[in-house]
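Structure data (compact mmCIF, N, CA, C and O atoms) from final_2.txt:
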# COMPACT_ATOMS: atom_id res chain seq x y z
N MET A 3 0.84 -1.17 0.00
CA MET A 3 0.00 0.00 0.00
C MET A 3 0.89 1.24 0.00
O MET A 3 1.84 1.34 0.74
N CYS A 4 0.56 2.20 -0.85
CA CYS A 4 1.35 3.42 -0.91
C CYS A 4 0.65 4.54 -0.14
O CYS A 4 -0.56 4.52 0.05
N SER A 5 1.44 5.47 0.33
CA SER A 5 0.86 6.61 1.04
C SER A 5 0.49 7.69 0.04
O SER A 5 1.00 7.74 -1.07
N ARG A 6 -0.43 8.56 0.44
CA ARG A 6 -0.90 9.64 -0.43
C ARG A 6 -0.05 10.88 -0.26
O ARG A 6 0.43 11.18 0.82
N ILE A 7 0.11 11.60 -1.36
CA ILE A 7 0.77 12.89 -1.34
C ILE A 7 -0.28 13.91 -1.76
O ILE A 7 -0.84 13.83 -2.85
N ASP A 8 -0.57 14.85 -0.86
CA ASP A 8 -1.63 15.81 -1.14
C ASP A 8 -1.15 17.02 -1.92
O ASP A 8 -1.94 17.66 -2.62
N VAL A 9 0.11 17.38 -1.79
CA VAL A 9 0.62 18.57 -2.46
C VAL A 9 1.93 18.24 -3.18
O VAL A 9 2.85 17.71 -2.57
N SER A 10 1.96 18.54 -4.46
CA SER A 10 3.18 18.41 -5.26
C SER A 10 3.20 19.54 -6.26
O SER A 10 2.16 19.99 -6.72
N THR A 11 4.39 19.99 -6.60
CA THR A 11 4.48 21.00 -7.65
C THR A 11 4.45 20.30 -9.00
O THR A 11 4.74 19.11 -9.11
N LYS A 12 4.11 21.06 -10.03
CA LYS A 12 4.05 20.48 -11.37
C LYS A 12 5.41 19.97 -11.81
O LYS A 12 5.50 18.91 -12.43
N CYS A 13 6.47 20.71 -11.47
CA CYS A 13 7.79 20.25 -11.92
C CYS A 13 8.20 18.97 -11.19
O CYS A 13 8.92 18.14 -11.76
N GLU A 14 7.73 18.77 -9.95
CA GLU A 14 8.01 17.51 -9.27
C GLU A 14 7.36 16.35 -10.01
O GLU A 14 7.98 15.30 -10.24
N LEU A 15 6.10 16.53 -10.40
CA LEU A 15 5.40 15.47 -11.13
C LEU A 15 6.02 15.23 -12.49
O LEU A 15 6.14 14.09 -12.94
N ARG A 16 6.44 16.29 -13.16
CA ARG A 16 7.08 16.12 -14.46
C ARG A 16 8.40 15.37 -14.32
O ARG A 16 8.76 14.59 -15.19
N SER A 17 9.09 15.60 -13.20
CA SER A 17 10.33 14.86 -12.95
C SER A 17 10.04 13.38 -12.77
O SER A 17 10.78 12.52 -13.25
N VAL A 18 8.95 13.08 -12.07
CA VAL A 18 8.54 11.69 -11.88
C VAL A 18 8.18 11.07 -13.23
O VAL A 18 8.58 9.94 -13.54
N ILE A 19 7.43 11.83 -14.04
CA ILE A 19 7.06 11.33 -15.37
C ILE A 19 8.32 11.06 -16.19
O ILE A 19 8.44 10.02 -16.84
N ARG A 20 9.27 11.98 -16.15
CA ARG A 20 10.52 11.81 -16.91
C ARG A 20 11.26 10.56 -16.45
O ARG A 20 11.74 9.77 -17.27
N PHE A 21 11.36 10.37 -15.14
CA PHE A 21 12.05 9.22 -14.59
C PHE A 21 11.35 7.91 -15.00
O PHE A 21 12.00 6.98 -15.51
N LEU A 22 10.04 7.84 -14.78
CA LEU A 22 9.31 6.61 -15.10
C LEU A 22 9.33 6.33 -16.60
O LEU A 22 9.40 5.18 -17.03
N HIS A 23 9.26 7.39 -17.41
CA HIS A 23 9.32 7.22 -18.86
C HIS A 23 10.68 6.67 -19.26
O HIS A 23 10.79 5.77 -20.11
N ALA A 24 11.75 7.19 -18.63
CA ALA A 24 13.10 6.71 -18.93
C ALA A 24 13.27 5.24 -18.54
O ALA A 24 14.05 4.52 -19.17
N GLU A 25 12.53 4.79 -17.52
CA GLU A 25 12.57 3.39 -17.12
C GLU A 25 11.82 2.48 -18.08
O GLU A 25 11.90 1.27 -17.98
N GLY A 26 11.05 3.09 -19.00
CA GLY A 26 10.31 2.30 -19.98
C GLY A 26 8.84 2.13 -19.67
O GLY A 26 8.16 1.37 -20.35
N ASN A 27 8.33 2.82 -18.65
CA ASN A 27 6.91 2.74 -18.34
C ASN A 27 6.10 3.46 -19.42
O ASN A 27 6.53 4.49 -19.94
N SER A 28 4.94 2.92 -19.74
CA SER A 28 4.05 3.57 -20.71
C SER A 28 3.38 4.77 -20.04
O SER A 28 3.32 4.87 -18.81
N ALA A 29 2.85 5.68 -20.86
CA ALA A 29 2.14 6.84 -20.33
C ALA A 29 0.94 6.40 -19.48
O ALA A 29 0.66 6.99 -18.44
N ALA A 30 0.26 5.34 -19.91
CA ALA A 30 -0.90 4.85 -19.15
C ALA A 30 -0.48 4.35 -17.77
O ALA A 30 -1.14 4.63 -16.77
N GLU A 31 0.63 3.62 -17.72
CA GLU A 31 1.11 3.12 -16.43
C GLU A 31 1.58 4.26 -15.54
O GLU A 31 1.32 4.26 -14.33
N ILE A 32 2.25 5.24 -16.12
CA ILE A 32 2.68 6.40 -15.34
C ILE A 32 1.47 7.11 -14.76
O ILE A 32 1.44 7.48 -13.58
N HIS A 33 0.44 7.28 -15.58
CA HIS A 33 -0.78 7.95 -15.09
C HIS A 33 -1.42 7.16 -13.96
O HIS A 33 -1.84 7.73 -12.95
N ARG A 34 -1.48 5.85 -14.09
CA ARG A 34 -2.05 5.02 -13.02
C ARG A 34 -1.26 5.18 -11.72
O ARG A 34 -1.84 5.28 -10.63
N LYS A 35 0.06 5.26 -11.83
CA LYS A 35 0.88 5.43 -10.63
C LYS A 35 0.65 6.80 -10.00
O LYS A 35 0.58 6.92 -8.77
N ILE A 36 0.52 7.82 -10.82
CA ILE A 36 0.29 9.17 -10.30
C ILE A 36 -1.05 9.25 -9.58
O ILE A 36 -1.14 9.78 -8.47
N ILE A 37 -2.11 8.72 -10.19
CA ILE A 37 -3.43 8.83 -9.53
C ILE A 37 -3.52 7.94 -8.30
O ILE A 37 -4.29 8.24 -7.39
N ARG A 38 -2.74 6.88 -8.25
CA ARG A 38 -2.73 6.04 -7.06
C ARG A 38 -2.20 6.82 -5.85
O ARG A 38 -2.65 6.63 -4.73
N VAL A 39 -1.26 7.72 -6.09
CA VAL A 39 -0.65 8.48 -5.00
C VAL A 39 -1.32 9.83 -4.81
O VAL A 39 -1.50 10.29 -3.68
N HIS A 40 -1.74 10.48 -5.91
CA HIS A 40 -2.27 11.84 -5.83
C HIS A 40 -3.79 11.95 -5.95
O HIS A 40 -4.33 13.00 -5.67
N GLY A 41 -4.44 10.91 -6.40
CA GLY A 41 -5.89 10.98 -6.57
C GLY A 41 -6.28 11.12 -8.03
O GLY A 41 -5.48 11.51 -8.88
N GLU A 42 -7.52 10.82 -8.31
CA GLU A 42 -8.05 10.75 -9.68
C GLU A 42 -7.94 12.05 -10.46
O GLU A 42 -7.70 12.04 -11.65
N ASN A 43 -8.15 13.18 -9.81
CA ASN A 43 -8.26 14.43 -10.53
C ASN A 43 -7.00 15.28 -10.50
O ASN A 43 -7.04 16.47 -10.78
N PHE A 44 -5.88 14.69 -10.16
CA PHE A 44 -4.67 15.48 -9.99
C PHE A 44 -4.02 15.84 -11.33
O PHE A 44 -3.61 16.96 -11.54
N MET A 45 -3.91 14.88 -12.23
CA MET A 45 -3.33 15.13 -13.55
C MET A 45 -4.00 14.19 -14.54
O MET A 45 -4.14 13.01 -14.27
N SER A 46 -4.39 14.74 -15.67
CA SER A 46 -5.12 13.93 -16.65
C SER A 46 -4.17 13.01 -17.41
O SER A 46 -2.96 13.25 -17.51
N ASP A 47 -4.77 11.98 -17.97
CA ASP A 47 -4.02 11.04 -18.80
C ASP A 47 -3.41 11.75 -19.99
O ASP A 47 -2.27 11.49 -20.37
N GLY A 48 -4.16 12.68 -20.56
CA GLY A 48 -3.67 13.42 -21.73
C GLY A 48 -2.43 14.25 -21.43
O GLY A 48 -1.52 14.34 -22.25
N VAL A 49 -2.38 14.86 -20.25
CA VAL A 49 -1.22 15.65 -19.86
C VAL A 49 -0.01 14.75 -19.68
O VAL A 49 1.10 15.09 -20.12
N VAL A 50 -0.22 13.60 -19.06
CA VAL A 50 0.89 12.65 -18.90
C VAL A 50 1.40 12.20 -20.26
O VAL A 50 2.61 12.17 -20.50
N ARG A 51 0.49 11.90 -21.18
CA ARG A 51 0.89 11.48 -22.52
C ARG A 51 1.67 12.59 -23.24
O ARG A 51 2.67 12.33 -23.91
N GLU A 52 1.21 13.84 -23.07
CA GLU A 52 1.90 14.97 -23.70
C GLU A 52 3.34 15.09 -23.19
O GLU A 52 4.27 15.26 -23.97
N TRP A 53 3.53 14.97 -21.87
CA TRP A 53 4.87 15.07 -21.32
C TRP A 53 5.73 13.88 -21.73
O TRP A 53 6.92 14.04 -21.99
N CYS A 54 5.14 12.70 -21.82
CA CYS A 54 5.91 11.54 -22.30
C CYS A 54 6.37 11.77 -23.73
O CYS A 54 7.52 11.47 -24.08
N ARG A 55 5.49 12.34 -24.57
CA ARG A 55 5.89 12.67 -25.95
C ARG A 55 7.03 13.69 -25.95
O ARG A 55 7.99 13.56 -26.71
N ASN A 56 6.90 14.72 -25.11
CA ASN A 56 7.96 15.73 -25.03
C ASN A 56 9.30 15.11 -24.67
O ASN A 56 10.33 15.43 -25.28
N PHE A 57 9.29 14.23 -23.66
CA PHE A 57 10.54 13.60 -23.24
C PHE A 57 11.06 12.64 -24.31
O PHE A 57 12.26 12.54 -24.53
N LYS A 58 10.16 11.96 -24.99
CA LYS A 58 10.57 11.06 -26.07
C LYS A 58 11.22 11.85 -27.20
O LYS A 58 12.17 11.39 -27.83
N ASP A 59 10.72 13.07 -27.42
CA ASP A 59 11.25 13.94 -28.48
C ASP A 59 12.53 14.66 -28.07
O ASP A 59 13.05 15.48 -28.81
N GLY A 60 13.02 14.37 -26.85
CA GLY A 60 14.30 14.92 -26.44
C GLY A 60 14.26 16.04 -25.42
O GLY A 60 15.29 16.55 -25.02
N GLN A 61 13.06 16.47 -25.02
CA GLN A 61 13.00 17.51 -24.00
C GLN A 61 13.55 16.97 -22.69
O GLN A 61 13.26 15.84 -22.31
N THR A 62 14.34 17.77 -22.01
CA THR A 62 14.89 17.35 -20.72
C THR A 62 14.44 18.27 -19.59
O THR A 62 14.52 17.89 -18.43
N ASP A 63 13.96 19.45 -19.92
CA ASP A 63 13.54 20.42 -18.93
C ASP A 63 12.14 20.08 -18.41
O ASP A 63 11.24 19.83 -19.20
N VAL A 64 11.98 20.04 -17.10
CA VAL A 64 10.67 19.75 -16.53
C VAL A 64 9.87 21.01 -16.23
O VAL A 64 8.73 20.94 -15.79
N LEU A 65 10.47 22.16 -16.48
CA LEU A 65 9.76 23.42 -16.31
C LEU A 65 9.05 23.76 -17.60
O LEU A 65 9.58 23.57 -18.68
N ASP A 66 7.83 24.24 -17.49
CA ASP A 66 7.03 24.57 -18.67
C ASP A 66 6.94 26.08 -18.78
O ASP A 66 6.00 26.70 -18.31
N GLU A 67 7.95 26.68 -19.40
CA GLU A 67 8.01 28.13 -19.49
C GLU A 67 6.86 28.72 -20.29
O GLU A 67 6.48 29.84 -20.11
N GLU A 68 6.30 27.96 -21.19
CA GLU A 68 5.22 28.44 -22.03
C GLU A 68 3.84 28.22 -21.43
O GLU A 68 2.84 28.46 -22.08
N GLY A 69 3.74 27.73 -20.22
CA GLY A 69 2.43 27.52 -19.63
C GLY A 69 1.66 26.41 -20.31
O GLY A 69 0.51 26.58 -20.66
N GLN A 70 2.32 25.30 -20.55
CA GLN A 70 1.74 24.13 -21.20
C GLN A 70 1.23 24.45 -22.60
O GLN A 70 0.18 24.00 -23.03
N GLY A 71 2.00 25.27 -23.29
CA GLY A 71 1.67 25.55 -24.68
C GLY A 71 0.63 26.63 -24.88
O GLY A 71 0.33 26.99 -26.00
N ARG A 72 0.06 27.13 -23.83
CA ARG A 72 -0.96 28.17 -23.96
C ARG A 72 -0.29 29.53 -24.13
O ARG A 72 0.65 29.86 -23.45
N LYS A 73 -0.82 30.30 -25.03
CA LYS A 73 -0.29 31.63 -25.28
C LYS A 73 -0.99 32.64 -24.37
O LYS A 73 -2.16 32.52 -24.08
N SER A 74 -0.24 33.63 -23.95
CA SER A 74 -0.81 34.70 -23.14
C SER A 74 -1.75 35.53 -24.00
O SER A 74 -1.49 35.78 -25.18
N VAL A 75 -2.85 35.96 -23.42
CA VAL A 75 -3.80 36.81 -24.15
C VAL A 75 -3.49 38.28 -23.93
O VAL A 75 -4.14 39.14 -24.49
N ILE A 76 -2.49 38.58 -23.12
CA ILE A 76 -2.11 39.95 -22.84
C ILE A 76 -1.15 40.43 -23.93
O ILE A 76 -0.15 39.80 -24.22
N THR A 77 -1.52 41.55 -24.53
CA THR A 77 -0.65 42.16 -25.53
C THR A 77 -0.27 43.55 -25.04
O THR A 77 -0.90 44.10 -24.12
N GLU A 78 0.73 44.12 -25.66
CA GLU A 78 1.15 45.48 -25.29
C GLU A 78 0.00 46.46 -25.50
O GLU A 78 -0.19 47.39 -24.72
N ASP A 79 -0.79 46.24 -26.54
CA ASP A 79 -1.94 47.09 -26.82
C ASP A 79 -2.95 47.06 -25.66
O ASP A 79 -3.46 48.10 -25.24
N LEU A 80 -3.21 45.87 -25.13
CA LEU A 80 -4.13 45.77 -23.99
C LEU A 80 -3.58 46.47 -22.76
O LEU A 80 -4.32 47.12 -22.02
N VAL A 81 -2.30 46.33 -22.54
CA VAL A 81 -1.68 46.99 -21.38
C VAL A 81 -1.82 48.50 -21.50
O VAL A 81 -2.13 49.19 -20.53
N GLN A 82 -1.65 49.03 -22.71
CA GLN A 82 -1.75 50.47 -22.93
C GLN A 82 -3.18 50.98 -22.72
O GLN A 82 -3.39 52.13 -22.35
N ARG A 83 -4.18 50.12 -22.91
CA ARG A 83 -5.58 50.53 -22.75
C ARG A 83 -6.03 50.59 -21.30
O ARG A 83 -7.06 51.17 -21.00
N VAL A 84 -5.27 49.98 -20.37
CA VAL A 84 -5.66 50.00 -18.96
C VAL A 84 -5.43 51.41 -18.43
O VAL A 84 -4.32 51.93 -18.51
N PRO A 85 -6.48 52.03 -17.91
CA PRO A 85 -6.33 53.39 -17.39
C PRO A 85 -5.28 53.46 -16.29
O PRO A 85 -5.16 52.56 -15.46
N GLY A 86 -4.50 54.52 -16.30
CA GLY A 86 -3.45 54.71 -15.31
C GLY A 86 -3.96 54.71 -13.89
O GLY A 86 -3.27 54.28 -12.97
N SER A 87 -5.21 55.18 -13.69
CA SER A 87 -5.74 55.22 -12.33
C SER A 87 -5.90 53.82 -11.74
O SER A 87 -5.70 53.62 -10.54
N ILE A 88 -6.22 52.84 -12.58
CA ILE A 88 -6.35 51.47 -12.09
C ILE A 88 -4.97 50.95 -11.70
O ILE A 88 -4.79 50.38 -10.62
N LEU A 89 -3.99 51.16 -12.57
CA LEU A 89 -2.65 50.69 -12.27
C LEU A 89 -2.08 51.36 -11.02
O LEU A 89 -1.48 50.70 -10.18
N SER A 90 -2.31 52.67 -10.88
CA SER A 90 -1.75 53.35 -9.71
C SER A 90 -2.48 52.96 -8.43
O SER A 90 -1.89 52.95 -7.35
N SER A 91 -3.77 52.61 -8.54
CA SER A 91 -4.51 52.21 -7.34
C SER A 91 -4.08 50.85 -6.82
O SER A 91 -4.31 50.50 -5.66
N LEU A 92 -3.43 50.05 -7.68
CA LEU A 92 -2.95 48.75 -7.24
C LEU A 92 -1.78 48.89 -6.28
O LEU A 92 -1.53 48.02 -5.46
N ASN A 93 -1.03 49.96 -6.41
CA ASN A 93 0.05 50.28 -5.48
C ASN A 93 1.02 49.09 -5.29
O ASN A 93 1.34 48.71 -4.18
N GLY A 94 1.43 48.49 -6.40
CA GLY A 94 2.39 47.40 -6.32
C GLY A 94 1.79 46.04 -5.99
O GLY A 94 2.51 45.08 -5.80
N THR A 95 0.47 45.94 -5.92
CA THR A 95 -0.18 44.67 -5.60
C THR A 95 -0.04 43.71 -6.77
O THR A 95 -0.14 44.09 -7.92
N CYS A 96 0.20 42.45 -6.45
CA CYS A 96 0.29 41.41 -7.47
C CYS A 96 -1.10 41.06 -7.97
O CYS A 96 -2.03 40.96 -7.18
N LEU A 97 -1.23 40.87 -9.26
CA LEU A 97 -2.50 40.41 -9.82
C LEU A 97 -2.37 38.95 -10.20
O LEU A 97 -1.33 38.50 -10.67
N ILE A 98 -3.43 38.21 -9.98
CA ILE A 98 -3.48 36.81 -10.41
C ILE A 98 -4.34 36.78 -11.66
O ILE A 98 -5.47 37.26 -11.67
N THR A 99 -3.79 36.25 -12.75
CA THR A 99 -4.52 36.19 -14.00
C THR A 99 -4.66 34.75 -14.44
O THR A 99 -3.91 33.88 -14.01
N ARG A 100 -5.63 34.51 -15.30
CA ARG A 100 -5.81 33.19 -15.87
C ARG A 100 -5.40 33.23 -17.34
O ARG A 100 -5.60 34.21 -18.00
N ARG A 101 -4.83 32.16 -17.80
CA ARG A 101 -4.52 32.05 -19.21
C ARG A 101 -5.69 31.36 -19.88
O ARG A 101 -6.25 30.41 -19.34
N ILE A 102 -6.01 31.80 -21.05
CA ILE A 102 -7.13 31.23 -21.79
C ILE A 102 -6.55 30.44 -22.95
O ILE A 102 -5.76 30.97 -23.73
N ALA A 103 -6.97 29.20 -23.05
CA ALA A 103 -6.48 28.34 -24.13
C ALA A 103 -7.07 28.80 -25.45
O ALA A 103 -8.23 29.23 -25.50
N PRO A 104 -6.30 28.76 -26.53
CA PRO A 104 -6.84 29.15 -27.84
C PRO A 104 -7.94 28.19 -28.25
O PRO A 104 -7.91 27.01 -27.94
N THR A 105 -8.90 28.74 -28.98
CA THR A 105 -10.02 27.89 -29.45
C THR A 105 -9.72 27.28 -30.77
O THR A 105 -8.88 27.66 -31.50
Translate the structure described by the file into structure tokens.
Amino acid sequence: MCSRIDVSTKCELRSVIRFLHAEGNSAAEIHRKIIRVHGENFMSDGVVREWCRNFKDGQTDVLDEEGQGRKSVITEDLVQRVPGSILSSLNGTCLITRRIAPT
């Protein structure tokens, strides 16, 4: 019986995927191992398959600088349209934004 891990970073899981893939485990088996420890809804089978493909194609970095292939919807034009009063009222506060996947 394995113990559960409730919190993991994405790069930790990608490292596990890279390791198990290098050992010759299939994407399906890797996914089964991940959900056994992290739960059903932690990472989809499709995401595991995508990372296995990336590693098979030679990727070695477990950091996803591009946000899993999603492009930012923020452009310089949009930034220029934000009224200065809104930006100044934030007073250095961090904003949390969501990335929207292309349709």
To test the calculation: enclose all listed atoms of region 14-20 of chain A in a box whose edges run along x, y and z, add 4 Å on each side, then state centre and edge lengths in Å to one decimal, as lines of an AutoDock Vina configuration file.
center_x = 8.6
center_y = 14.3
center_z = -13.3
size_x = 14.3
size_y = 17.0
size_z = 16.0
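Of note, CA of Cys13 (chain A) and CA of Asp47 (chain A) are spaced 16.5 Å apart.
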For the point (7.8, 9.4, -22.1) in the file's frame, write as a compact mmCIF listing (two decimals) with N, CA, C and O atoms, keeping the file's coordinate frame all residues with an atom no more than 7 Å away, counting only C-alpha atoms.
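See point24.txt below for the written result:
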# COMPACT_ATOMS: atom_id res chain seq x y z
N ARG A 20 9.27 11.98 -16.15
CA ARG A 20 10.52 11.81 -16.91
C ARG A 20 11.26 10.56 -16.45
O ARG A 20 11.74 9.77 -17.27
N HIS A 23 9.26 7.39 -17.41
CA HIS A 23 9.32 7.22 -18.86
C HIS A 23 10.68 6.67 -19.26
O HIS A 23 10.79 5.77 -20.11
N ALA A 24 11.75 7.19 -18.63
CA ALA A 24 13.10 6.71 -18.93
C ALA A 24 13.27 5.24 -18.54
O ALA A 24 14.05 4.52 -19.17
N ALA A 29 2.85 5.68 -20.86
CA ALA A 29 2.14 6.84 -20.33
C ALA A 29 0.94 6.40 -19.48
O ALA A 29 0.66 6.99 -18.44
N TRP A 53 3.53 14.97 -21.87
CA TRP A 53 4.87 15.07 -21.32
C TRP A 53 5.73 13.88 -21.73
O TRP A 53 6.92 14.04 -21.99
N CYS A 54 5.14 12.70 -21.82
CA CYS A 54 5.91 11.54 -22.30
C CYS A 54 6.37 11.77 -23.73
O CYS A 54 7.52 11.47 -24.08
N ARG A 55 5.49 12.34 -24.57
CA ARG A 55 5.89 12.67 -25.95
C ARG A 55 7.03 13.69 -25.95
O ARG A 55 7.99 13.56 -26.71
N ASN A 56 6.90 14.72 -25.11
CA ASN A 56 7.96 15.73 -25.03
C ASN A 56 9.30 15.11 -24.67
O ASN A 56 10.33 15.43 -25.28
N PHE A 57 9.29 14.23 -23.66
CA PHE A 57 10.54 13.60 -23.24
C PHE A 57 11.06 12.64 -24.31
O PHE A 57 12.26 12.54 -24.53
N LYS A 58 10.16 11.96 -24.99
CA LYS A 58 10.57 11.06 -26.07
C LYS A 58 11.22 11.85 -27.20
O LYS A 58 12.17 11.39 -27.83
| remark: As a check of understanding: the span from atom C of Ile37 (chain A) to atom O of Asp59 (chain A) is 27.4 Å
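Residues lying within 6 Å of His33 (chain A), counting all atoms listed in the file and ignoring same-chain neighbours fewer than 5 positions away, are Ser28, Arg38, Met45 and Asp47 of chain A.
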| query | So how far away is atom C of Glu52 (chain A) from atom O of Ser5 (chain A), in Å? | reply | 23.4 Å
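Distances here use all atoms listed in the file; by that measure, the residue among A:Ile36, A:Val64, A:Val49, A:Ala30 closest to Arg16 (chain A) is A:Val64.
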